[in-house]
>>> print(open('input-v9.cif').read())   # mmCIF, C-alpha atoms and all ligand atoms
data_work
loop_
_atom_site.label_atom_id
_atom_site.label_comp_id
_atom_site.auth_asym_id
_atom_site.auth_seq_id
_atom_site.Cartn_x
_atom_site.Cartn_y
_atom_site.Cartn_z
CA MET I 1 7.17 -28.07 11.75
CA THR I 2 10.83 -28.23 12.73
CA HIS I 3 13.11 -25.29 12.38
CA SER I 4 15.19 -26.93 9.65
CA ASN I 5 12.38 -27.44 7.17
CA LYS I 6 10.68 -24.15 7.85
CA LYS I 7 12.29 -22.56 4.86
CA ILE I 8 11.35 -25.37 2.51
CA ASN I 9 7.73 -25.24 3.54
CA ARG I 10 7.40 -21.52 3.10
CA LEU I 11 4.74 -20.48 0.64
CA THR I 12 5.68 -18.29 -2.28
CA ALA I 13 4.57 -14.74 -1.66
CA THR I 14 2.04 -13.20 -4.00
CA ASN I 15 3.75 -10.61 -6.18
CA GLU I 16 3.16 -7.04 -5.25
CA ASP I 17 1.82 -5.09 -8.18
CA THR I 18 1.37 -1.47 -9.11
CA LEU I 19 -1.50 0.48 -7.59
CA GLY I 20 -2.52 1.56 -11.06
CA PRO I 21 -4.18 4.88 -11.75
CA TYR I 22 -7.68 3.88 -10.62
CA TYR I 23 -7.55 3.11 -6.91
CA PRO I 24 -11.08 4.02 -5.79
CA ILE I 25 -10.90 7.46 -4.24
CA SER I 26 -13.99 6.76 -2.13
CA LEU I 27 -12.08 4.05 -0.25
CA CYS I 28 -10.07 6.91 1.25
CA ASP I 29 -13.13 8.65 2.67
CA ASN I 30 -12.30 7.66 6.24
CA ASP I 31 -8.61 8.44 5.94
CA ASN I 32 -7.35 11.09 8.28
CA MET I 33 -4.27 13.28 7.90
CA ASP I 34 -4.54 14.79 11.34
CA MET I 35 -2.81 12.41 13.73
CA THR I 36 -3.45 14.74 16.65
CA LYS I 37 -7.17 13.98 16.50
CA ILE I 38 -8.09 10.34 16.12
CA ARG I 39 -11.73 10.95 16.92
CA SER I 40 -13.74 13.96 15.87
CA GLY I 41 -16.00 15.79 18.26
CA VAL I 42 -14.17 14.99 21.49
CA VAL I 43 -11.84 17.22 23.49
CA ASN I 44 -9.05 14.63 23.70
CA GLU I 45 -5.98 15.20 21.58
CA ALA I 46 -2.59 13.61 21.16
CA THR I 47 0.12 14.62 23.63
CA GLY I 48 3.25 16.27 22.29
CA GLU I 49 4.45 19.16 20.21
CA LYS I 50 2.02 19.70 17.39
CA ILE I 51 3.70 20.08 14.01
CA ILE I 52 2.68 20.34 10.37
CA ILE I 53 4.49 18.61 7.55
CA LYS I 54 3.94 19.88 4.06
CA GLY I 55 5.46 17.91 1.27
CA CYS I 56 5.26 16.83 -2.30
CA VAL I 57 6.11 13.76 -4.32
CA LYS I 58 7.81 14.36 -7.65
CA ASP I 59 8.74 12.10 -10.54
CA LYS I 60 11.98 11.84 -12.50
CA ASN I 61 11.13 14.89 -14.58
CA GLY I 62 10.34 17.01 -11.54
CA ASN I 63 6.60 16.88 -12.14
CA HIS I 64 4.24 16.18 -9.28
CA ALA I 65 3.36 12.52 -9.00
CA HIS I 66 -0.41 12.61 -8.95
CA GLY I 67 -2.60 9.80 -7.67
CA CYS I 68 -0.14 8.33 -5.14
CA LEU I 69 -1.39 6.65 -2.01
CA LEU I 70 0.75 7.69 0.97
CA GLU I 71 0.94 6.00 4.36
CA PHE I 72 2.59 7.61 7.38
CA TRP I 73 3.66 5.78 10.53
CA GLN I 74 5.42 7.12 13.59
CA PRO I 75 5.90 6.63 17.33
CA ASN I 76 4.23 8.86 19.89
CA ALA I 77 5.85 11.67 21.90
CA ASN I 78 7.50 9.02 24.11
CA GLY I 79 9.06 7.32 21.12
CA ILE I 80 6.76 4.28 21.36
CA TYR I 81 5.08 2.72 18.33
CA ARG I 82 1.52 1.66 18.97
CA ILE I 83 1.32 -2.02 18.04
CA PRO I 84 -0.52 -4.93 19.69
CA GLU I 85 2.50 -5.64 21.90
CA THR I 86 2.64 -2.08 23.27
CA GLU I 87 -1.10 -1.44 23.54
CA ALA I 88 -1.08 -1.76 27.34
CA ASP I 89 2.23 0.06 27.79
CA ASP I 90 2.27 3.00 30.26
CA LYS I 91 3.92 5.15 27.63
CA ILE I 92 1.15 4.64 25.08
CA ASP I 93 -0.90 7.71 24.35
CA PRO I 94 -4.52 6.53 24.02
CA TRP I 95 -5.24 9.52 21.79
CA PHE I 96 -2.57 8.74 19.25
CA THR I 97 -2.23 5.85 16.78
CA GLY I 98 0.70 7.07 14.68
CA TYR I 99 -0.95 5.96 11.46
CA ALA I 100 -2.27 8.14 8.65
CA ARG I 101 -3.11 7.54 5.03
CA HIS I 102 -3.84 9.86 2.16
CA ARG I 103 -4.40 9.72 -1.57
CA THR I 104 -2.81 12.76 -3.13
CA SER I 105 -4.48 13.85 -6.33
CA ASP I 106 -1.82 16.43 -7.21
CA GLY I 107 1.32 15.07 -5.51
CA ASN I 108 1.11 17.41 -2.50
CA PHE I 109 0.33 16.38 1.04
CA LYS I 110 -0.14 17.98 4.44
CA LEU I 111 0.16 15.97 7.62
CA ILE I 112 -0.76 17.36 11.02
CA THR I 113 0.89 15.38 13.80
CA ILE I 114 3.07 15.60 16.88
CA LYS I 115 6.84 15.48 16.81
CA PRO I 116 7.86 11.85 17.40
CA GLY I 117 9.81 11.27 20.59
CA VAL I 118 12.82 9.12 21.43
CA ASP I 119 12.61 5.90 23.43
CA ASP I 120 15.75 6.15 25.59
CA GLU I 121 15.25 2.65 26.95
CA GLN I 122 16.21 1.14 23.61
CA LYS I 123 19.76 -0.11 23.26
CA THR I 124 20.06 1.86 20.03
CA PRO I 125 17.53 4.69 20.32
CA ARG I 126 16.01 5.83 17.05
CA ALA I 127 16.05 9.49 16.13
CA PRO I 128 12.61 11.06 15.76
CA CYS I 129 11.38 9.88 12.36
CA ILE I 130 8.30 9.18 10.29
CA THR I 131 7.98 6.15 8.02
CA LEU I 132 6.56 6.91 4.60
CA THR I 133 5.17 4.26 2.26
CA ILE I 134 4.29 5.19 -1.30
CA PHE I 135 1.94 3.16 -3.47
CA SER I 136 1.67 4.48 -7.00
CA ASP I 137 0.98 3.67 -10.60
CA GLY I 138 4.06 2.32 -12.40
CA ILE I 139 5.82 0.98 -9.30
CA THR I 140 5.36 -1.47 -6.49
CA ARG I 141 5.40 -0.17 -2.91
CA VAL I 142 8.44 1.88 -1.86
CA VAL I 143 9.36 2.90 1.69
CA THR I 144 11.58 5.45 3.38
CA GLN I 145 11.88 7.37 6.65
CA LEU I 146 11.87 11.12 7.19
CA PHE I 147 13.98 12.78 9.88
CA PHE I 148 14.11 16.19 11.52
CA ASP I 149 16.90 18.44 10.31
CA GLY I 150 19.31 19.37 13.10
CA ASP I 151 17.99 16.87 15.63
CA PRO I 152 20.97 15.72 17.74
CA HIS I 153 19.74 12.10 17.69
CA ASN I 154 20.33 11.96 13.94
CA ASP I 155 24.07 11.57 14.57
CA THR I 156 23.54 8.20 16.22
CA ASP I 157 20.50 6.90 14.36
CA PRO I 158 21.31 3.42 13.02
CA LEU I 159 19.32 3.85 9.81
CA LEU I 160 20.53 7.32 8.97
CA GLN I 161 24.11 6.41 9.73
CA SER I 162 23.87 3.34 7.48
CA ILE I 163 23.54 5.41 4.31
CA PRO I 164 26.11 7.74 2.73
CA LYS I 165 26.29 11.20 4.28
CA GLU I 166 25.27 13.03 1.12
CA LEU I 167 21.99 11.07 0.97
CA ARG I 168 20.95 11.82 4.57
CA GLU I 169 20.18 15.40 3.63
CA ARG I 170 17.42 14.20 1.30
CA LEU I 171 15.50 12.65 4.18
CA MET I 172 15.45 15.82 6.28
CA LEU I 173 12.25 17.60 7.18
CA LYS I 174 13.13 21.29 7.31
CA ALA I 175 11.41 23.78 9.58
CA LEU I 176 11.01 26.87 7.47
CA THR I 177 7.87 28.65 8.57
CA ARG I 178 5.20 28.76 11.24
CA ALA I 179 1.43 28.67 10.98
CA ASP I 180 -0.56 31.60 12.39
CA ASP I 181 -0.97 29.78 15.72
CA GLY I 182 2.78 29.24 15.97
CA THR I 183 2.82 25.58 14.87
CA VAL I 184 6.11 24.79 13.14
CA ILE I 185 5.72 23.81 9.49
CA TYR I 186 8.24 21.36 8.08
CA ASN I 187 8.85 20.87 4.38
CA ILE I 188 10.09 17.94 2.35
CA GLU I 189 10.30 17.06 -1.32
CA ILE I 190 10.26 13.38 -2.21
CA LYS I 191 11.93 12.65 -5.53
CA MET I 192 10.94 9.21 -6.76
CA ALA I 193 13.61 8.87 -9.43
CA GLY I 194 16.56 10.56 -11.09
CA GLU I 195 18.52 13.60 -9.92
CA ASN I 196 18.36 14.11 -6.14
CA GLU I 197 16.48 10.83 -5.84
CA THR I 198 15.18 10.15 -2.33
CA PRO I 199 16.88 7.13 -0.76
CA PHE I 200 14.42 4.23 -0.42
CA PHE I 201 14.79 1.10 1.69
CA ASP I 202 14.30 -2.61 1.07
CA ASP I 203 11.91 -3.94 3.69
CA ILE I 204 11.61 -7.32 1.99
CA LEU I 205 15.26 -8.36 1.83
CA SER I 206 16.26 -6.59 5.06
CA MET T 207 28.30 1.58 5.58
CA SER T 208 25.56 1.35 3.07
CA LYS T 209 24.39 -2.08 2.08
CA TYR T 210 22.12 -2.56 -0.85
CA GLY T 211 19.07 -4.67 -1.49
CA ARG T 212 16.97 -4.93 -4.61
CA THR T 213 17.13 -2.57 -7.54
CA LEU T 214 13.62 -2.00 -8.75
CA GLN T 215 13.05 -2.72 -12.42
CA ILE T 216 11.28 -0.44 -14.83
CA GLY T 217 8.32 -2.05 -16.54
CA PRO T 218 9.10 -2.21 -20.28
CA THR T 219 6.93 0.16 -22.32
CA ASP T 220 5.45 1.57 -19.15
CA LEU T 221 5.72 5.35 -19.27
CA THR T 222 4.71 5.93 -15.67
CA SER T 223 7.13 3.30 -14.48
CA GLU T 224 9.93 5.12 -16.30
CA LYS T 225 9.07 8.34 -14.49
CA ARG T 226 8.53 6.90 -11.03
CA THR T 227 10.82 3.92 -10.49
CA PRO T 228 13.78 4.73 -8.22
CA ARG T 229 17.01 4.23 -10.17
CA GLN T 230 19.28 3.69 -7.18
CA PRO T 231 19.38 0.33 -5.41
CA LEU T 232 17.27 0.16 -2.28
CA HIS T 233 19.18 0.40 0.99
CA LEU T 234 19.05 -2.49 3.41
CA ILE T 235 17.54 -1.65 6.78
CA PRO T 236 19.74 -2.26 9.83
CA GLU T 237 18.19 -4.73 12.28
CA GLU T 238 17.68 -2.02 14.95
CA ALA T 239 15.42 -0.08 12.59
CA ARG T 240 13.50 -2.85 10.89
CA ALA T 241 10.47 -3.00 13.16
CA SER T 242 9.83 0.69 12.54
CA PHE T 243 9.00 -0.12 8.92
CA VAL T 244 5.91 -2.13 9.80
CA PRO T 245 2.92 0.16 10.27
CA PHE T 246 0.05 -1.05 12.36
CA ALA T 247 -3.09 0.36 10.80
CA PRO T 248 -5.90 0.61 13.32
CA TYR T 249 -9.12 -1.12 12.40
CA ASN T 250 -11.64 1.58 11.83
CA PHE T 251 -13.66 -0.02 9.12
CA ASN T 252 -16.45 -2.40 8.43
CA ALA T 253 -17.91 -3.82 5.25
CA LEU T 254 -21.54 -4.54 4.50
CA PRO T 255 -22.31 -7.96 2.98
CA SER T 256 -23.71 -6.22 -0.10
CA GLU T 257 -20.32 -4.63 -0.75
CA ALA T 258 -19.04 -8.07 -1.75
CA ASP T 259 -21.56 -8.27 -4.59
CA MET T 260 -20.17 -6.06 -7.32
CA THR T 261 -22.50 -7.51 -9.94
CA ARG T 262 -25.21 -5.05 -8.91
CA LEU T 263 -25.32 -1.62 -7.29
CA ALA T 264 -27.48 -2.82 -4.40
CA PRO T 265 -29.46 -5.92 -3.48
CA GLY T 266 -32.41 -6.30 -5.85
CA ARG T 267 -31.02 -3.94 -8.49
CA PRO T 268 -30.41 -5.27 -12.02
CA ARG T 269 -27.24 -7.17 -12.76
CA ALA T 270 -24.46 -5.39 -14.62
CA ASP T 271 -23.59 -6.30 -18.23
CA GLY T 272 -21.19 -9.18 -18.78
CA GLU T 273 -20.38 -12.48 -17.18
CA PRO T 274 -20.81 -12.71 -13.42
CA ILE T 275 -17.89 -14.49 -11.75
CA LYS T 276 -17.20 -15.50 -8.20
CA ILE T 277 -13.75 -14.96 -6.69
CA THR T 278 -12.75 -16.90 -3.62
CA GLY T 279 -9.48 -17.24 -1.77
CA ARG T 280 -7.54 -17.32 1.43
CA VAL T 281 -5.08 -14.77 2.75
CA THR T 282 -2.13 -16.16 4.71
CA ASP T 283 1.44 -15.38 5.60
CA GLN T 284 4.28 -17.44 4.17
CA TYR T 285 3.85 -20.06 6.89
CA GLY T 286 0.23 -20.58 5.93
CA ARG T 287 -1.13 -18.80 8.99
CA PRO T 288 -4.42 -17.06 8.20
CA ILE T 289 -4.55 -13.26 8.03
CA ARG T 290 -7.78 -12.72 9.91
CA LYS T 291 -10.19 -9.81 9.87
CA SER T 292 -8.24 -7.92 7.25
CA MET T 293 -9.96 -5.53 4.90
CA ILE T 294 -9.79 -6.56 1.26
CA GLU T 295 -10.59 -3.86 -1.24
CA VAL T 296 -11.13 -4.80 -4.87
CA TRP T 297 -11.71 -2.77 -7.99
CA ASN T 298 -12.05 -3.69 -11.62
CA ALA T 299 -13.13 -2.31 -14.98
CA ASN T 300 -16.56 -3.13 -16.36
CA LYS T 301 -17.25 -5.49 -19.24
CA TYR T 302 -16.17 -2.79 -21.67
CA GLY T 303 -12.86 -2.04 -19.97
CA ARG T 304 -14.00 1.17 -18.30
CA TYR T 305 -13.57 2.20 -14.67
CA THR T 306 -16.05 4.47 -12.94
CA HIS T 307 -12.99 6.33 -11.59
CA ILE T 308 -13.22 10.03 -12.27
CA GLU T 309 -9.77 10.01 -13.91
CA ASP T 310 -10.55 7.25 -16.42
CA PHE T 311 -10.65 9.36 -19.57
CA SER T 312 -10.80 6.42 -22.00
CA GLY T 313 -14.29 7.27 -23.19
CA LEU T 314 -15.17 3.57 -23.17
CA ARG T 315 -18.72 2.57 -22.41
CA LEU T 316 -20.02 2.95 -18.87
CA ASP T 317 -22.50 0.48 -17.45
CA PRO T 318 -25.17 2.18 -15.33
CA ASN T 319 -25.42 -0.97 -13.20
CA PHE T 320 -21.72 -1.36 -12.42
CA LEU T 321 -19.63 0.51 -9.86
CA GLY T 322 -16.57 -1.75 -9.88
CA ILE T 323 -15.64 -1.27 -6.23
CA GLY T 324 -16.03 -3.92 -3.52
CA ARG T 325 -14.94 -4.57 0.04
CA MET T 326 -14.96 -7.49 2.43
CA ILE T 327 -13.29 -8.68 5.63
CA THR T 328 -11.43 -12.00 5.81
CA ASP T 329 -12.96 -14.54 8.18
CA ASP T 330 -11.20 -16.29 11.07
CA ASP T 331 -9.49 -18.64 8.67
CA GLY T 332 -8.39 -15.87 6.29
CA ASN T 333 -11.04 -16.67 3.67
CA TYR T 334 -12.78 -14.15 1.49
CA GLU T 335 -15.37 -14.26 -1.29
CA PHE T 336 -16.86 -11.72 -3.65
CA TRP T 337 -18.78 -11.54 -6.90
CA THR T 338 -17.98 -9.33 -9.82
CA ILE T 339 -18.23 -9.07 -13.60
CA ARG T 340 -15.39 -10.43 -15.71
CA PRO T 341 -13.54 -7.22 -16.56
CA GLY T 342 -12.72 -6.16 -20.08
CA GLU T 343 -9.18 -5.47 -21.23
CA TYR T 344 -8.34 -1.83 -21.91
CA LEU T 345 -5.76 0.31 -23.65
CA ALA T 346 -3.59 1.80 -20.93
CA PHE T 347 -1.72 4.02 -23.37
CA PRO T 348 -3.53 4.45 -26.68
CA ASP T 349 -0.55 6.33 -28.17
CA ILE T 350 1.68 3.25 -27.92
CA SER T 351 -1.11 0.67 -28.22
CA ARG T 352 -0.37 -0.82 -24.83
CA TRP T 353 -3.16 -3.06 -23.61
CA ARG T 354 -3.76 -4.11 -20.04
CA PRO T 355 -4.89 -7.71 -19.85
CA LYS T 356 -8.06 -8.49 -17.90
CA HIS T 357 -7.32 -8.04 -14.22
CA ILE T 358 -8.83 -7.31 -10.85
CA HIS T 359 -7.01 -5.03 -8.40
CA PHE T 360 -6.65 -6.06 -4.76
CA SER T 361 -5.59 -4.12 -1.70
CA ILE T 362 -5.22 -5.78 1.67
CA ARG T 363 -5.08 -3.47 4.64
CA GLY T 364 -5.59 -3.32 8.36
CA GLY T 365 -3.10 -4.39 10.99
CA ALA T 366 0.37 -4.91 9.62
CA SER T 367 -0.78 -6.67 6.45
CA ARG T 368 -0.53 -4.39 3.50
CA LEU T 369 -0.39 -5.64 -0.01
CA ILE T 370 -1.42 -4.17 -3.32
CA THR T 371 -1.66 -6.69 -6.10
CA GLN T 372 -3.69 -7.77 -9.12
CA MET T 373 -5.33 -11.03 -10.12
CA TYR T 374 -4.92 -11.96 -13.77
CA PHE T 375 -6.70 -14.46 -16.02
CA LYS T 376 -4.94 -17.39 -17.65
CA ASP T 377 -4.53 -17.26 -21.42
CA ASP T 378 -5.36 -13.59 -21.79
CA PRO T 379 -3.58 -12.65 -25.04
CA HIS T 380 -2.32 -9.41 -23.49
CA ASN T 381 -0.67 -11.09 -20.48
CA ASP T 382 2.63 -11.62 -22.27
CA THR T 383 3.14 -7.97 -23.12
CA ASP T 384 2.04 -6.49 -19.79
CA PRO T 385 4.99 -4.64 -18.22
CA MET T 386 4.29 -5.65 -14.62
CA ARG T 387 3.70 -9.25 -15.68
CA ILE T 388 7.05 -9.29 -17.46
CA LEU T 389 8.74 -8.07 -14.28
CA MET T 390 7.13 -10.91 -12.32
CA GLY T 391 8.73 -13.51 -14.58
CA ASP T 392 7.96 -17.10 -13.58
CA ASN T 393 6.27 -15.91 -10.41
CA PHE T 394 3.41 -14.63 -12.55
CA ASP T 395 1.52 -17.91 -12.01
CA ALA T 396 0.97 -16.90 -8.40
CA ASN T 397 -1.11 -13.97 -9.62
CA ILE T 398 -3.43 -15.98 -11.86
CA GLY T 399 -6.85 -16.88 -10.52
CA LYS T 400 -7.44 -20.63 -10.76
CA GLU T 401 -10.66 -21.27 -12.62
CA TYR T 402 -13.25 -23.71 -11.29
CA GLU T 403 -16.73 -24.68 -12.36
CA ILE T 404 -19.85 -23.51 -10.58
CA GLU T 405 -23.13 -25.34 -11.04
CA GLY T 406 -26.23 -23.47 -12.07
CA ASP T 407 -26.35 -20.34 -14.17
CA GLU T 408 -25.82 -17.66 -11.57
CA PHE T 409 -22.09 -17.48 -12.31
CA ASP T 410 -20.08 -18.12 -15.43
CA CYS T 411 -17.40 -19.73 -13.27
CA GLY T 412 -15.36 -19.24 -10.12
CA TYR T 413 -11.74 -18.30 -9.56
CA GLN T 414 -9.63 -19.24 -6.58
CA PHE T 415 -7.03 -16.60 -5.75
CA ASP T 416 -5.04 -17.34 -2.61
CA ILE T 417 -2.92 -14.47 -1.39
CA VAL T 418 0.32 -14.95 0.49
CA ILE T 419 1.70 -11.89 2.23
CA GLY T 420 5.46 -12.12 2.06
CA GLY T 421 8.50 -10.34 3.33
CA LYS T 422 10.48 -10.87 6.47
CA ASN T 423 8.64 -8.20 8.34
CA PRO T 424 6.89 -9.37 11.42
CA THR T 425 3.18 -9.86 11.19
CA PHE T 426 1.25 -8.87 14.24
CA PHE T 427 -1.14 -11.54 15.37
CA GLU T 428 -3.97 -10.55 17.57
CA ASP T 429 -6.82 -12.34 19.19
CA ILE T 430 -9.87 -10.57 18.01
FE FE D 501 -6.56 -1.66 -13.83
#
>>> encode(input="input-v9.cif", output="structure tokens")
Amino acid sequence: MTHSNKKINRLTATNEDTLGPYYPISLCDNDNMDMTKIRSGVVNEATGEKIIIKGCVKDKNGNHAHGCLLEFWQPNANGIYRIPETEADDKIDPWFTGYARHRTSDGNFKLITIKPGVDDEQKTPRAPCITLTIFSDGITRVVTQLFFDGDPHNDTDPLLQSIPKELRERLMLKALTRADDGTVIYNIEIKMAGENETPFFDDILS
Amino acid sequence: MSKYGRTLQIGPTDLTSEKRTPRQPLHLIPEEARASFVPFAPYNFNALPSEADMTRLAPGRPRADGEPIKITGRVTDQYGRPIRKSMIEVWNANKYGRYTHIEDFSGLRLDPNFLGIGRMITDDDGNYEFWTIRPGEYLAFPDISRWRPKHIHFSIRGGASRLITQMYFKDDPHNDTDPMRILMGDNFDANIGKEYEIEGDEFDCGYQFDIVIGGKNPTFFEDI
């Protein structure tokens, strides 16, 4: 296939569709919302500052969006995403995948993880952030990224800086409280539609 | 400055869509940030061969009510390259339009021999196959008489390939009024299973449903 006819030969993508209300809950049985422990019953844990993120997903009317399937994705404490290309990288943490998935029955979620780091070797380093994908009834997949309020890297993050200032605030994880063991608890409210709508991104046309 | 991509459309007559569809246009992702939007889900799953036979609860158990059908297909990217060793999860209503899901409050008839949940892994060429019962249509919202046409839900996961979609049946009278189908427009054909004959009486017929995972996001290819 030559470069010039690549486009012509491309297959039409299958349409994404709504998750519907009946995604089998049992298919989530192996899902894990504690990124610091990828394997139970062993002493090994992810390296980095352990944090807790408590959030909720709300609809246009401010009601909790029940039955959403949430996917979280983030780099490790060194700022490296674990993908096939980086699997053998020195900066990969073997006890961290950066992936978590959860079906929320009531719209709330709690993620235990480590604070993502910054990869300074990148030409345009990304601020610490967590990618959130939402699958839900009534919509096709939507994606966004969550940032840490007050982090100095936010001022130069290419994604954050690409959206209007007043919208950046809506992507901020805010540290409000601590757990009994001192772990910082961050909060976020995701608003799917309407007033104070969370900014979402187009990962198909981008 | 902000650049905009698609504006998601609200499915007509779909109440949940009205409540959950973002109203603002989606923001384009700057090149430097694009790769960070492609999760790589670790493979931590396996499927038993019996999980691909949804027509019975377990090998040797009685067949569920309704017409057994076979669904076959191939999962590829837009260049036709196979998506190998991906987990396909499928779920569909029984013959009477009822899910076994704990939040299906329709009151429609349950079938003691039908679970409606299946799983399988694509082979080295991206192929998959499973057996199920032709699902019944059901009223999604009884208060506005909105029917869902017959359909089978699909989720593809593992690696970077993530797609949630549905396979529909040609000529279902409810297709034309289905909100998500209306949003798909002419592309709807891509989501219709192509019927083919199967000899013998084990299956009513087969359906070929090839799945193409789209988008410009990179797909990670691994040698497994
Ligand atoms: Fe359904």
>>> interface_residues(input="input-v9.cif", of="chain I", to="chain T", cutoff="6 Å", atoms="all atoms listed in the file", output="PDB file with C-alpha atoms, in the frame of the given file")
ATOM      1  CA  ARG I  10       7.400 -21.520   3.100  1.00  0.00           C
ATOM      2  CA  LEU I  11       4.740 -20.480   0.640  1.00  0.00           C
ATOM      3  CA  ALA I  13       4.570 -14.740  -1.660  1.00  0.00           C
ATOM      4  CA  THR I  14       2.040 -13.200  -4.000  1.00  0.00           C
ATOM      5  CA  GLU I  16       3.160  -7.040  -5.250  1.00  0.00           C
ATOM      6  CA  ASP I  17       1.820  -5.090  -8.180  1.00  0.00           C
ATOM      7  CA  TYR I  22      -7.680   3.880 -10.620  1.00  0.00           C
ATOM      8  CA  ASP I  59       8.740  12.100 -10.540  1.00  0.00           C
ATOM      9  CA  LYS I  60      11.980  11.840 -12.500  1.00  0.00           C
ATOM     10  CA  TRP I  73       3.660   5.780  10.530  1.00  0.00           C
ATOM     11  CA  ILE I  83       1.320  -2.020  18.040  1.00  0.00           C
ATOM     12  CA  GLY I 138       4.060   2.320 -12.400  1.00  0.00           C
ATOM     13  CA  ILE I 139       5.820   0.980  -9.300  1.00  0.00           C
ATOM     14  CA  SER I 162      23.870   3.340   7.480  1.00  0.00           C
ATOM     15  CA  ILE I 163      23.540   5.410   4.310  1.00  0.00           C
ATOM     16  CA  MET I 192      10.940   9.210  -6.760  1.00  0.00           C
ATOM     17  CA  ALA I 193      13.610   8.870  -9.430  1.00  0.00           C
ATOM     18  CA  PHE I 200      14.420   4.230  -0.420  1.00  0.00           C
ATOM     19  CA  PHE I 201      14.790   1.100   1.690  1.00  0.00           C
ATOM     20  CA  ASP I 202      14.300  -2.610   1.070  1.00  0.00           C
ATOM     21  CA  ILE I 204      11.610  -7.320   1.990  1.00  0.00           C
ATOM     22  CA  SER I 206      16.260  -6.590   5.060  1.00  0.00           C
TER      23      SER I 206
END
>>> closest_residue(input="input-v9.cif", among="I:Lys50, I:Arg126, I:Asp34, I:Asp137", to="ligand FE 501 (chain D)", atoms="all atoms listed in the file")
I:Asp137
>>> residues_around(input="input-v9.cif", residues="Gln145 (chain I)", least_positions_apart="4", cutoff="10 Å", atoms="all atoms listed in the file", output="list in words")
Phe72, Trp73, Gln74, Pro128, Cys129, Ile130, Thr131, Leu132, Thr133, Leu159, Leu160, Leu171, Met172, Thr198, Pro199, Phe200 and Phe201 of chain I; Ser242 and Phe243 of chain T
>>> closest_atom_pairs(input="input-v9.cif", of="chain I", to="ligand FE 501 (chain D)", cutoff="10 Å", atoms="only C-alpha atoms and all ligand atoms", output="JSON lines")
{"residue": "I:Thr18", "atom": "CA", "partner": "D:FE501", "partner_atom": "FE", "distance": 9.2}
{"residue": "I:Leu19", "atom": "CA", "partner": "D:FE501", "partner_atom": "FE", "distance": 8.3}
{"residue": "I:Gly20", "atom": "CA", "partner": "D:FE501", "partner_atom": "FE", "distance": 5.9}
{"residue": "I:Pro21", "atom": "CA", "partner": "D:FE501", "partner_atom": "FE", "distance": 7.3}
{"residue": "I:Tyr22", "atom": "CA", "partner": "D:FE501", "partner_atom": "FE", "distance": 6.5}
{"residue": "I:Tyr23", "atom": "CA", "partner": "D:FE501", "partner_atom": "FE", "distance": 8.5}
{"residue": "I:Asp137", "atom": "CA", "partner": "D:FE501", "partner_atom": "FE", "distance": 9.8}
>>> residues_around(input="input-v9.cif", residues="Val184 (chain I)", least_positions_apart="6", cutoff="9 Å", atoms="all atoms listed in the file", output="list in words")
Lys50, Ile51, Ile52, Ile53, Ala175, Leu176, Thr177 and Arg178 of chain I
>>> decode(input="input-v9.cif", residues="region 176-186 of chain I", atoms="N, CA and C atoms", output="PDB file, in the first residue's frame")
ATOM      1  N   LEU I 176      -8.582  18.402  49.950  1.00  0.00           N
ATOM      2  CA  LEU I 176      -9.350  19.043  51.008  1.00  0.00           C
ATOM      3  C   LEU I 176      -9.152  18.398  52.366  1.00  0.00           C
ATOM      4  N   THR I 177      -8.970  17.112  52.376  1.00  0.00           N
ATOM      5  CA  THR I 177      -8.875  16.410  53.665  1.00  0.00           C
ATOM      6  C   THR I 177      -7.784  15.345  53.605  1.00  0.00           C
ATOM      7  N   ARG I 178      -7.550  14.714  54.754  1.00  0.00           N
ATOM      8  CA  ARG I 178      -6.616  13.606  54.823  1.00  0.00           C
ATOM      9  C   ARG I 178      -7.301  12.403  55.449  1.00  0.00           C
ATOM     10  N   ALA I 179      -6.881  11.219  55.016  1.00  0.00           N
ATOM     11  CA  ALA I 179      -7.364  10.001  55.663  1.00  0.00           C
ATOM     12  C   ALA I 179      -6.671   9.866  57.012  1.00  0.00           C
ATOM     13  N   ASP I 180      -7.118   8.939  57.839  1.00  0.00           N
ATOM     14  CA  ASP I 180      -6.551   8.747  59.175  1.00  0.00           C
ATOM     15  C   ASP I 180      -5.044   8.490  59.126  1.00  0.00           C
ATOM     16  N   ASP I 181      -4.574   7.817  58.071  1.00  0.00           N
ATOM     17  CA  ASP I 181      -3.133   7.524  57.981  1.00  0.00           C
ATOM     18  C   ASP I 181      -2.350   8.668  57.329  1.00  0.00           C
ATOM     19  N   GLY I 182      -3.017   9.783  57.083  1.00  0.00           N
ATOM     20  CA  GLY I 182      -2.325  10.940  56.537  1.00  0.00           C
ATOM     21  C   GLY I 182      -2.402  11.071  55.022  1.00  0.00           C
ATOM     22  N   THR I 183      -2.926  10.044  54.338  1.00  0.00           N
ATOM     23  CA  THR I 183      -3.034  10.095  52.874  1.00  0.00           C
ATOM     24  C   THR I 183      -3.928  11.263  52.445  1.00  0.00           C
ATOM     25  N   VAL I 184      -3.428  12.057  51.511  1.00  0.00           N
ATOM     26  CA  VAL I 184      -4.213  13.206  51.042  1.00  0.00           C
ATOM     27  C   VAL I 184      -5.393  12.721  50.200  1.00  0.00           C
ATOM     28  N   ILE I 185      -6.554  13.283  50.475  1.00  0.00           N
ATOM     29  CA  ILE I 185      -7.762  12.936  49.718  1.00  0.00           C
ATOM     30  C   ILE I 185      -8.122  14.104  48.801  1.00  0.00           C
ATOM     31  N   TYR I 186      -8.165  13.818  47.517  1.00  0.00           N
ATOM     32  CA  TYR I 186      -8.556  14.832  46.533  1.00  0.00           C
ATOM     33  C   TYR I 186     -10.012  14.624  46.155  1.00  0.00           C
TER      34      TYR I 186
END
